[in-house]
Amino acid sequence: RDLLEVNLKLKTPSEALAAWEWYKGASVRSTKPVEATIGILPGNTALISYALLKDSIVAFVLRDGKVQVHTFSLPPDLDANVSHFLNFCSDPSSGIKGLNSAGRKLYQTLVAPLEADIRGATALTIETDGVIDQVPFNLLLAADGHYLGDKFEITFSQGSAYQPRSRAALAGFSPESTALVVVASGAGDSTLPVLPGADQEGSE
């Protein structure tokens, strides 16, 4: 993270994002940072990659091969605001007014500074960091009264190093490849209820 701060001062946004992605892909990365373009995004998709530093939040936005970087102050109450919002989301008795108020506050912190860069996109791929991992972005409320999930198709990524570069890469799996294990049912604790649709999701 200290190195990222240095890169932000000395290198281009694309180079700084490439270094951050290289760090995020530690378990699967090559020996050198990937190119700054970070692979190919589907059309009309913007990538947002957050990095939490000591006193600031860095947000990279990759769209149409161009990288924009935003640095804004890390709110001292961010952890509390995220926890407050999650409490509203997990409590069926929560009022919609309180939920929207908490979601609007997080939207202003995390998304509002990036609105100009993502305007016109139809899909967002979001890479989170730290406490931001816990934020249900779909429920963040914009100033226009719409939820982020209503405005964009949202997916989440651990980092570009984890994404297959193409369908050809998927077709290249073999018994010698690193394994992907999907457990859709059969929890060890039989007292837990079966999740509806788990088998179908696992099969997909």
# chains A, B, ... in the order shown; residues from 1 in each chain; ligands from 1
>>> closest_atom_pairs(of="stretch 102-155 of chain A", to="stretch 14-27 of chain A", cutoff="12 Å", atoms="only C-alpha atoms", output="CSV")
residue,atom,partner,partner_atom,distance
A:Glu127,CA,A:Lys24,CA,9.6
A:Thr128,CA,A:Lys24,CA,10.4
A:Asp129,CA,A:Lys24,CA,9.6
>>> write_last_selection(atoms="C-alpha atoms", output="CSV table (one decimal), in the first residue's frame")
chain,number,residue,atom,x,y,z
A,127,GLU,CA,-13.1,-4.6,-6.7
A,128,THR,CA,-13.4,-3.8,-3.0
A,129,ASP,CA,-10.8,-3.5,-0.3
>>> atom_distance(atom1="atom CA of A:Asp117", atom2="atom CA of A:Glu153")
15.9 Å
>>> select_by_dssp(residues="stretch 21-165 of chain A", states="alpha helix (DSSP H)", output="JSON, numbers by chain")
{"A": [21, 22, 23, 24, 78, 79, 80, 81, 82, 83, 84, 85, 86, 87, 88, 89, 90, 96, 97, 98, 99, 100, 101, 102, 103, 104, 105, 106, 107, 108, 109, 110, 115, 116, 117, 118, 148, 149, 150, 151]}
>>> closest_atom_pairs(of="stretch 101-193 of chain A", to="stretch 56-62 of chain A", cutoff="9 Å", atoms="only C-alpha atoms", output="CSV")
residue,atom,partner,partner_atom,distance
A:Leu110,CA,A:Ala59,CA,8.4
A:Leu114,CA,A:Val61,CA,7.7
A:Asp117,CA,A:Val61,CA,6.9
A:Ile118,CA,A:Val61,CA,7.8
>>> write_last_selection(atoms="N, CA and C atoms", output="short mmCIF file (atom, residue, chain, number, x, y, z; two decimals), in the first residue's frame")
data_model
loop_
_atom_site.label_atom_id
_atom_site.label_comp_id
_atom_site.auth_asym_id
_atom_site.auth_seq_id
_atom_site.Cartn_x
_atom_site.Cartn_y
_atom_site.Cartn_z
N LEU A 110 -18.54 6.69 -1.53
CA LEU A 110 -17.85 5.73 -2.38
C LEU A 110 -18.11 5.88 -3.87
N LEU A 114 -17.19 9.36 -8.43
CA LEU A 114 -16.86 8.65 -9.67
C LEU A 114 -17.95 8.78 -10.73
N ASP A 117 -17.17 9.47 -14.39
CA ASP A 117 -16.41 8.44 -15.10
C ASP A 117 -17.26 7.24 -15.48
N ILE A 118 -18.33 6.98 -14.74
CA ILE A 118 -19.14 5.79 -15.02
C ILE A 118 -20.43 6.14 -15.76
#
>>> residues_around(residues="A:Thr155", least_positions_apart="6", cutoff="7 Å", atoms="only C-alpha atoms", output="mmCIF file with N, CA, C and O atoms, in the first residue's frame")
data_model
loop_
_atom_site.group_PDB
_atom_site.id
_atom_site.type_symbol
_atom_site.label_atom_id
_atom_site.label_comp_id
_atom_site.auth_asym_id
_atom_site.auth_seq_id
_atom_site.Cartn_x
_atom_site.Cartn_y
_atom_site.Cartn_z
ATOM 1 N N LEU A 124 -21.114 -2.422 -14.082
ATOM 2 C CA LEU A 124 -19.959 -2.111 -13.251
ATOM 3 C C LEU A 124 -19.343 -3.405 -12.741
ATOM 4 O O LEU A 124 -20.058 -4.309 -12.302
ATOM 5 N N THR A 125 -18.032 -3.491 -12.816
ATOM 6 C CA THR A 125 -17.299 -4.547 -12.131
ATOM 7 C C THR A 125 -16.549 -3.868 -10.997
ATOM 8 O O THR A 125 -15.776 -2.944 -11.231
ATOM 9 N N ILE A 126 -16.816 -4.298 -9.775
ATOM 10 C CA ILE A 126 -16.284 -3.613 -8.601
ATOM 11 C C ILE A 126 -15.300 -4.504 -7.858
ATOM 12 O O ILE A 126 -15.587 -5.666 -7.568
#
>>> closest_residue(among="A:Ile154, A:Ala102, A:Ile132, A:Ala143", to="A:Ala51", atoms="only C-alpha atoms")
A:Ile132
>>> closest_residue(among="A:Asp64, A:Asp144, A:Glu204, A:Asp133", to="A:Tyr50", atoms="only C-alpha atoms")
A:Asp133
>>> atom_distance(atom1="atom CA of A:His146", atom2="atom CA of A:Gly120")
15.2 Å
>>> residues_around(residues="stretch 85-92 of chain A", least_positions_apart="2", cutoff="9 Å", atoms="only C-alpha atoms", output="number ranges by chain")
A: 80-83, 94-96, 98-103, 106, 134-136, 139
>>> write_last_selection(atoms="N, CA and C atoms", output="compact mmCIF listing (two decimals), in the first residue's frame")
# COMPACT_ATOMS: atom_id res chain seq x y z
N ALA A 80 -18.05 2.44 10.99
CA ALA A 80 -19.32 2.54 11.70
C ALA A 80 -20.48 2.68 10.71
N ASN A 81 -20.27 3.46 9.65
CA ASN A 81 -21.34 3.65 8.66
C ASN A 81 -21.66 2.36 7.92
N VAL A 82 -20.63 1.59 7.59
CA VAL A 82 -20.84 0.31 6.93
C VAL A 82 -21.60 -0.65 7.85
N SER A 83 -21.18 -0.72 9.10
CA SER A 83 -21.85 -1.60 10.07
C SER A 83 -23.30 -1.17 10.27
N SER A 94 -36.39 -3.32 9.80
CA SER A 94 -35.83 -1.99 9.51
C SER A 94 -36.78 -1.20 8.62
N GLY A 95 -36.87 0.09 8.88
CA GLY A 95 -37.67 0.96 8.04
C GLY A 95 -36.92 1.35 6.78
N ILE A 96 -37.65 1.51 5.68
CA ILE A 96 -37.01 1.85 4.41
C ILE A 96 -36.35 3.21 4.47
N GLY A 98 -34.74 4.64 7.05
CA GLY A 98 -33.42 4.50 7.66
C GLY A 98 -32.44 3.80 6.74
N LEU A 99 -32.91 2.75 6.05
CA LEU A 99 -32.07 2.02 5.11
C LEU A 99 -31.58 2.95 4.00
N ASN A 100 -32.48 3.73 3.44
CA ASN A 100 -32.11 4.62 2.35
C ASN A 100 -31.17 5.73 2.81
N SER A 101 -31.40 6.21 4.01
CA SER A 101 -30.54 7.26 4.54
C SER A 101 -29.10 6.75 4.70
N ALA A 102 -28.95 5.55 5.26
CA ALA A 102 -27.62 4.97 5.44
C ALA A 102 -26.98 4.65 4.09
N GLY A 103 -27.79 4.15 3.14
CA GLY A 103 -27.27 3.82 1.82
C GLY A 103 -26.86 5.07 1.05
N LEU A 106 -23.34 6.27 2.26
CA LEU A 106 -22.23 5.50 1.70
C LEU A 106 -22.07 5.77 0.21
N GLN A 134 -17.57 -5.35 2.60
CA GLN A 134 -18.87 -5.71 3.19
C GLN A 134 -20.04 -4.90 2.63
N VAL A 135 -19.75 -3.91 1.80
CA VAL A 135 -20.80 -2.99 1.35
C VAL A 135 -21.67 -3.65 0.27
N PRO A 136 -22.99 -3.74 0.46
CA PRO A 136 -23.89 -4.22 -0.60
C PRO A 136 -24.17 -3.07 -1.58
N LEU A 139 -27.55 -1.69 -3.13
CA LEU A 139 -28.54 -0.96 -2.34
C LEU A 139 -28.12 0.47 -2.01
>>> closest_residue(among="A:Asp77, A:Asn7, A:Pro42, A:Ser49", to="A:Gly65", atoms="only C-alpha atoms")
A:Pro42
>>> select_by_dssp(residues="stretch 32-87 of chain A", states="strand (DSSP E or B)", output="ChimeraX atom specification")
/A:45-52,56-63,66-73
>>> atom_distance(atom1="atom CA of A:Thr45", atom2="atom CA of A:Arg63")
6.8 Å
>>> closest_residue(among="A:His70, A:Lys105, A:Lys151, A:Lys54", to="A:Ala123", atoms="only C-alpha atoms")
A:Lys151
